[in-house]
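Undergrad: Just query-v8.txt, nothing more (compact mmCIF, C-alpha atoms):
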# COMPACT_ATOMS: atom_id res chain seq x y z
CA ASP N 1 0.00 0.00 0.00
CA ALA N 2 1.18 3.53 -0.75
CA LYS N 3 2.68 5.64 2.01
CA THR N 4 0.84 8.69 3.30
CA THR N 5 2.14 11.89 4.90
CA GLN N 6 0.06 13.93 7.34
CA PRO N 7 0.90 16.89 9.59
CA PRO N 8 1.37 15.68 13.16
CA SER N 9 -1.05 18.18 14.65
CA MET N 10 -3.60 20.86 13.77
CA ASP N 11 -5.92 23.21 15.61
CA CYS N 12 -9.33 24.45 14.57
CA ALA N 13 -11.91 26.71 16.19
CA GLU N 14 -15.24 25.22 17.12
CA GLY N 15 -17.86 25.82 14.45
CA ARG N 16 -15.31 26.35 11.70
CA ALA N 17 -14.42 23.91 8.95
CA ALA N 18 -11.49 21.64 9.73
CA ASN N 19 -9.41 20.79 6.67
CA LEU N 20 -7.00 17.90 7.15
CA PRO N 21 -4.48 17.34 4.36
CA CYS N 22 -2.86 14.08 3.29
CA ASN N 23 -0.17 13.43 0.71
CA HIS N 24 -0.08 10.08 -1.07
CA SER N 25 2.13 10.80 -4.07
CA THR N 26 2.90 7.12 -4.78
CA ILE N 27 -0.75 6.03 -4.90
CA SER N 28 -1.55 3.58 -7.66
CA GLY N 29 -4.64 3.38 -9.82
CA ASN N 30 -6.47 0.73 -7.82
CA GLU N 31 -5.82 2.20 -4.37
CA TYR N 32 -8.51 3.95 -2.41
CA VAL N 33 -8.05 6.71 0.16
CA TYR N 34 -9.60 5.90 3.55
CA TRP N 35 -9.99 8.16 6.57
CA TYR N 36 -10.44 6.94 10.11
CA ARG N 37 -10.29 8.73 13.42
CA GLN N 38 -9.54 7.66 16.97
CA ILE N 39 -10.99 9.55 19.90
CA HIS N 40 -8.85 9.05 23.03
CA SER N 41 -8.09 5.32 23.10
CA GLN N 42 -11.36 4.23 21.56
CA GLY N 43 -11.48 1.97 18.52
CA PRO N 44 -10.69 3.60 15.18
CA GLN N 45 -13.86 4.95 13.61
CA TYR N 46 -14.45 4.85 9.87
CA ILE N 47 -15.18 8.27 8.37
CA ILE N 48 -15.13 8.12 4.59
CA HIS N 49 -13.30 6.73 1.60
CA GLY N 50 -12.92 7.49 -2.10
CA LEU N 51 -11.09 6.58 -5.28
CA LYS N 52 -10.98 9.70 -7.46
CA ASN N 53 -14.28 11.51 -7.17
CA ASN N 54 -15.05 13.78 -4.25
CA GLU N 55 -17.20 12.09 -1.64
CA THR N 56 -19.53 13.39 1.05
CA ASN N 57 -21.40 11.69 3.85
CA GLU N 58 -23.02 12.75 7.09
CA MET N 59 -19.66 13.05 8.84
CA ALA N 60 -17.33 14.66 6.35
CA SER N 61 -16.31 15.44 2.79
CA LEU N 62 -13.30 14.02 0.99
CA ILE N 63 -11.65 16.04 -1.74
CA ILE N 64 -9.14 14.15 -3.90
CA THR N 65 -6.94 16.06 -6.32
CA GLU N 66 -7.19 15.25 -10.00
CA ASP N 67 -3.77 13.56 -10.03
CA ARG N 68 -4.78 11.67 -6.85
CA LYS N 69 -1.48 12.52 -5.18
CA SER N 70 -3.16 14.27 -2.27
CA SER N 71 -6.50 14.61 -0.54
CA THR N 72 -8.25 16.71 2.09
CA LEU N 73 -10.73 15.60 4.68
CA ILE N 74 -13.19 18.35 5.56
CA LEU N 75 -15.25 18.44 8.74
CA PRO N 76 -17.65 21.23 7.81
CA HIS N 77 -18.62 22.50 11.27
CA ALA N 78 -16.17 21.13 13.79
CA THR N 79 -17.32 20.50 17.34
CA LEU N 80 -15.35 19.73 20.49
CA ARG N 81 -16.26 16.06 20.00
CA ASP N 82 -14.27 16.03 16.77
CA THR N 83 -11.03 16.32 18.74
CA ALA N 84 -9.22 13.12 17.77
CA VAL N 85 -6.33 11.61 15.83
CA TYR N 86 -7.23 11.38 12.14
CA TYR N 87 -5.64 8.72 9.95
CA CYS N 88 -5.35 8.85 6.17
CA ILE N 89 -4.76 5.34 4.79
CA VAL N 90 -4.29 4.22 1.22
CA ARG N 91 -5.45 0.72 0.49
CA VAL N 92 -6.22 -1.60 -2.38
CA GLN N 93 -9.89 -2.52 -2.55
CA GLY N 94 -11.53 -5.53 -4.14
CA TYR N 95 -12.67 -8.97 -3.14
CA LEU N 96 -9.79 -10.57 -4.97
CA GLN N 97 -7.35 -8.71 -2.75
CA GLY N 98 -7.67 -10.91 0.27
CA ALA N 99 -7.77 -9.69 3.82
CA GLN N 100 -6.56 -6.16 2.99
CA LYS N 101 -5.42 -5.04 6.38
CA LEU N 102 -5.26 -1.35 7.25
CA VAL N 103 -1.82 0.04 8.04
CA PHE N 104 -1.98 2.97 10.44
CA GLY N 105 0.56 5.76 10.55
CA GLN N 106 0.87 8.41 13.24
CA GLY N 107 -2.03 10.47 11.87
CA THR N 108 -2.91 14.10 12.59
CA ARG N 109 -3.91 15.07 16.10
CA LEU N 110 -6.75 17.54 15.57
CA THR N 111 -7.70 19.75 18.49
CA ILE N 112 -10.94 21.70 18.31
CA ASN N 113 -10.77 24.80 20.49
CA PRO N 114 -13.83 26.49 22.03
CA GLU R 1 -26.27 0.39 13.60
CA PRO R 2 -24.45 -2.97 13.78
CA GLU R 3 -21.21 -2.88 15.71
CA VAL R 4 -18.26 -5.00 16.75
CA THR R 5 -18.40 -5.80 20.46
CA GLN R 6 -15.49 -6.81 22.64
CA THR R 7 -15.15 -8.29 26.12
CA PRO R 8 -13.74 -7.68 28.61
CA SER R 9 -13.28 -3.93 28.39
CA HIS R 10 -10.39 -4.14 30.83
CA GLN R 11 -8.45 -7.09 32.22
CA VAL R 12 -5.56 -7.19 34.64
CA THR R 13 -3.49 -10.37 34.62
CA GLN R 14 -0.28 -11.63 36.14
CA MET R 15 2.73 -12.22 33.95
CA GLY R 16 2.78 -15.78 32.65
CA GLN R 17 -0.99 -16.23 32.79
CA GLU R 18 -3.13 -17.06 29.78
CA VAL R 19 -5.61 -14.47 28.57
CA ILE R 20 -8.51 -14.79 26.13
CA LEU R 21 -10.00 -11.67 24.59
CA ARG R 22 -13.39 -12.07 22.98
CA CYS R 23 -15.05 -10.35 20.08
CA VAL R 24 -18.42 -10.57 18.38
CA PRO R 25 -17.97 -9.25 14.84
CA ILE R 26 -20.79 -7.73 12.82
CA SER R 27 -23.10 -10.60 11.91
CA ASN R 28 -22.75 -10.79 8.12
CA HIS R 29 -19.03 -10.09 8.06
CA LEU R 30 -16.53 -12.70 6.89
CA TYR R 31 -13.09 -11.15 7.49
CA PHE R 32 -11.85 -10.66 11.04
CA TYR R 33 -8.85 -8.84 12.46
CA TRP R 34 -6.98 -8.16 15.66
CA TYR R 35 -4.96 -5.02 16.16
CA ARG R 36 -3.19 -3.70 19.21
CA GLN R 37 -2.10 -0.30 20.45
CA ILE R 38 0.51 0.12 23.14
CA LEU R 39 -0.10 3.30 25.14
CA GLY R 40 1.06 6.32 23.18
CA GLN R 41 1.97 4.32 20.07
CA LYS R 42 0.45 3.50 16.70
CA VAL R 43 -2.34 1.05 16.05
CA GLU R 44 -0.56 -2.13 14.89
CA PHE R 45 -1.92 -5.02 12.84
CA LEU R 46 -1.67 -8.44 14.46
CA VAL R 47 -3.62 -10.94 12.38
CA SER R 48 -6.39 -11.39 9.85
CA PHE R 49 -8.70 -14.40 9.67
CA TYR R 50 -10.94 -15.67 6.90
CA ASN R 51 -12.67 -18.96 6.19
CA ASN R 52 -11.51 -20.41 9.51
CA GLU R 53 -7.85 -19.82 8.93
CA ILE R 54 -5.26 -17.10 9.36
CA SER R 55 -4.82 -15.19 6.10
CA GLU R 56 -2.05 -12.88 7.27
CA LYS R 57 -0.12 -12.20 10.46
CA SER R 58 2.48 -9.70 11.56
CA GLU R 59 5.83 -10.30 13.23
CA ILE R 60 4.20 -9.42 16.54
CA PHE R 61 1.86 -12.41 16.25
CA ASP R 62 4.29 -15.07 17.45
CA ASP R 63 3.66 -18.53 18.91
CA GLN R 64 2.29 -17.01 22.11
CA PHE R 65 -0.73 -15.74 20.19
CA SER R 66 -3.56 -17.69 18.64
CA VAL R 67 -6.97 -16.89 17.20
CA GLU R 68 -10.09 -18.96 16.96
CA ARG R 69 -13.66 -18.74 15.80
CA PRO R 70 -15.18 -21.34 18.11
CA ASP R 71 -18.75 -20.86 16.91
CA GLY R 72 -20.67 -18.80 14.39
CA SER R 73 -20.46 -15.55 16.30
CA ASN R 74 -17.35 -15.26 18.48
CA PHE R 75 -13.77 -14.51 17.45
CA THR R 76 -11.11 -14.86 20.12
CA LEU R 77 -7.51 -13.86 20.66
CA LYS R 78 -5.53 -15.98 23.11
CA ILE R 79 -2.22 -15.01 24.62
CA ARG R 80 -0.70 -18.15 26.09
CA SER R 81 1.80 -16.77 28.56
CA THR R 82 1.50 -13.03 28.96
CA LYS R 83 4.52 -10.76 29.22
CA LEU R 84 4.70 -7.22 30.57
CA GLU R 85 5.10 -5.92 27.03
CA ASP R 86 1.75 -7.41 26.04
CA SER R 87 0.06 -4.62 28.01
CA ALA R 88 -1.92 -2.75 25.38
CA MET R 89 -5.36 -2.01 24.00
CA TYR R 90 -6.48 -4.82 21.71
CA PHE R 91 -8.96 -4.01 18.96
CA CYS R 92 -11.06 -6.50 17.07
CA ALA R 93 -12.33 -5.55 13.62
CA SER R 94 -14.39 -7.07 10.86
CA ARG R 95 -15.51 -6.48 7.30
CA GLN R 96 -17.84 -8.01 4.79
CA SER R 97 -16.51 -9.88 1.83
CA PHE R 98 -16.49 -8.48 -1.69
CA SER R 99 -19.62 -6.41 -1.28
CA GLY R 100 -18.20 -4.30 1.53
CA ASN R 101 -14.60 -3.40 2.08
CA THR R 102 -14.77 -1.02 4.98
CA ILE R 103 -13.25 -2.39 8.17
CA TYR R 104 -15.16 -1.66 11.38
CA PHE R 105 -13.51 -1.70 14.78
CA GLY R 106 -14.69 -2.54 18.25
CA GLU R 107 -14.06 -0.32 21.27
CA GLY R 108 -11.16 -2.40 22.46
CA SER R 109 -10.05 -4.53 25.40
CA TRP R 110 -7.45 -2.95 27.63
CA LEU R 111 -5.00 -5.58 28.89
CA THR R 112 -2.69 -4.80 31.78
CA VAL R 113 -0.02 -7.36 32.62
CA VAL R 114 1.54 -6.99 36.06
Produce structure tokens that represent the structure in this file.
TA:
Amino acid sequence: DAKTTQPPSMDCAEGRAANLPCNHSTISGNEYVYWYRQIHSQGPQYIIHGLKNNETNEMASLIITEDRKSSTLILPHATLRDTAVYYCIVRVQGYLQGAQKLVFGQGTRLTINP
Amino acid sequence: EPEVTQTPSHQVTQMGQEVILRCVPISNHLYFYWYRQILGQKVEFLVSFYNNEISEKSEIFDDQFSVERPDGSNFTLKIRSTKLEDSAMYFCASRQSFSGNTIYFGEGSWLTVV
């Protein structure tokens, strides 16, 4: 799986949009971008994933650049409960790919300030 | 919303004792995983399990570790003779087969070896 690079920490004011960047310059054509977060020591929580089109769900939006070398996770109206470590993970997807484990890096520690 | 459940939430054990951590994956899922996170460190992959056999394991998953799916619902991680360095949060995860590739995590079992 391709390597990702994320800033170690970011701050955002409550109510503002939090934009978390991720670089994945070695991503290959069949690799998806996944985002998870971990609040305190809870289990990692799935947020969103995408291949090349922008994606939106009830939690967040994912913007992937046209060359797919980077992406941004957007939390549109951050709350204090969004304080967590956010992980950007690149992973092959498909039922022929076997177990397809997730490989976690250090992630970005996002702090939402009141 | 279906979720992965884990028991116990916290266990304290003496060094050298056997420990079994239990997980109930989401009911229609076919791939199962164990991860661990030592305090302050990354989430690390231990093992994946499919069709009643291990499909992949990490270097951490040595002969002291074993996994089992004893019935149609439970998935267990056994540590035969615990060491101090086994103290960590252990996360179980699961995913569907080809129709769903997102991996969902439980809330974890915190193991303290004394």
Undergrad: For a cutoff of 9 Å around the file-coordinate point (-9.4, -11.4, 27.6), which residues qualify once you count all atoms listed in the file? I'd like the result as a list in words.
TA: Thr7, Pro8, Ser9, His10, Gln11, Glu18, Val19, Ile20, Leu21, Arg22, Thr76, Leu77, Lys78, Ile79, Ser109, Trp110 and Leu111 of chain R
Undergrad: Determine the nearest neighbour of N:His49 from the options R:Val24, R:Ile103, R:Val4, R:Leu46, counting only C-alpha atoms.
TA: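 The answer is R:Ile103, which sits nearest to N:His49.
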Undergrad: Using atom CA of R:Glu59 and atom CA of R:Tyr33 as the two end points, give the distance in Å to one decimal.
TA: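 It comes out at 14.8 Å.
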Undergrad: What's around N:Tyr34 at 10 Å? Count all atoms listed in the file, leave out sequence neighbours fewer than 6 positions away in its own chain, and write the answer as a tab-separated table (two decimals) with C-alpha atoms, in the coordinates of the input.
TA:
chain	number	residue	atom	x	y	z
N	46	TYR	CA	-14.45	4.85	9.87
N	47	ILE	CA	-15.18	8.27	8.37
N	48	ILE	CA	-15.13	8.12	4.59
N	49	HIS	CA	-13.30	6.73	1.60
N	50	GLY	CA	-12.92	7.49	-2.10
N	51	LEU	CA	-11.09	6.58	-5.28
N	62	LEU	CA	-13.30	14.02	0.99
N	73	LEU	CA	-10.73	15.60	4.68
N	87	TYR	CA	-5.64	8.72	9.95
N	88	CYS	CA	-5.35	8.85	6.17
N	89	ILE	CA	-4.76	5.34	4.79
N	90	VAL	CA	-4.29	4.22	1.22
N	91	ARG	CA	-5.45	0.72	0.49
N	102	LEU	CA	-5.26	-1.35	7.25
R	102	THR	CA	-14.77	-1.02	4.98
Undergrad: Which is closer to chain N than all the others in R:Glu53, R:Asp62, R:Glu85, R:Glu107, using only C-alpha atoms?
TA: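 Of the candidates, the smallest distance to chain N is held by R:Glu107.
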Undergrad: When you get a sec, could you note down which chain N residues fall within 12 Å of chain R, using all atoms listed in the file, as a VMD selection string?
TA: chain N and resid 32 to 50 85 to 87 89 91 to 108
Undergrad: To one decimal in Å, tell me the separation between atom CA of R:Thr5 and atom CA of R:Asn74.
TA: 9.7 Å
Undergrad: Could you work out how far atom CA of N:Leu110 lies from atom CA of N:Thr65, giving the answer in Å with one decimal?
TA: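 Atom CA of N:Leu110 lies at a distance of 21.9 Å from atom CA of N:Thr65.
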Undergrad: Give me, as a PyMOL selection string, all polymer residues having an atom no more than 9 Å from N:Asn113, counting all atoms listed in the file and skipping those fewer than 5 positions away in the same chain.
TA: chain N and resi 11-14+79-80+83
Undergrad: Would you kindly identify which residues have an atom no farther than 12 Å from (-6.4, 16.1, 0.7), using only C-alpha atoms and the file's own coordinates, and write them out as a ChimeraX atom specification?
TA: /N:4-7,18-25,33-35,49-50,52,54-55,61-74,87-89
Undergrad: Counting all atoms listed in the file, figure out which residue out of N:Lys3, N:Gly15, N:Ser9, N:Thr26 gets nearest to N:Thr111.
TA: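 The closest residue to N:Thr111 is N:Ser9.
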Undergrad: Report as a count of residues only all protein, DNA and RNA residues lying within 10 Å of R:Thr13, evaluated on only C-alpha atoms, omitting residues in the same chain fewer than 5 positions from it.
TA: 10
Undergrad: Quick one: 8 Å padding each side, axis-aligned, all listed atoms of stretch 24-27 of chain R - centre and edge lengths in Å to one decimal, as JSON?
TA:
{"center_x": -20.5, "center_y": -9.2, "center_z": 15.1, "size_x": 21.1, "size_y": 18.9, "size_z": 22.5}
Undergrad: Restricting the calculation to all atoms listed in the file: of R:Phe75, R:Asn28, R:Asp86, R:Asn52, which residue gets closest to R:Gln6?
TA: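 Of all the options, R:Phe75 lies closest to R:Gln6.
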Undergrad: I need the residue nearest R:Arg36 from this list: R:Gln64, R:Ser73, R:Ser58, R:Ser94. Use only C-alpha atoms for the distance.
TA: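 Of all the options, R:Ser58 lies closest to R:Arg36.
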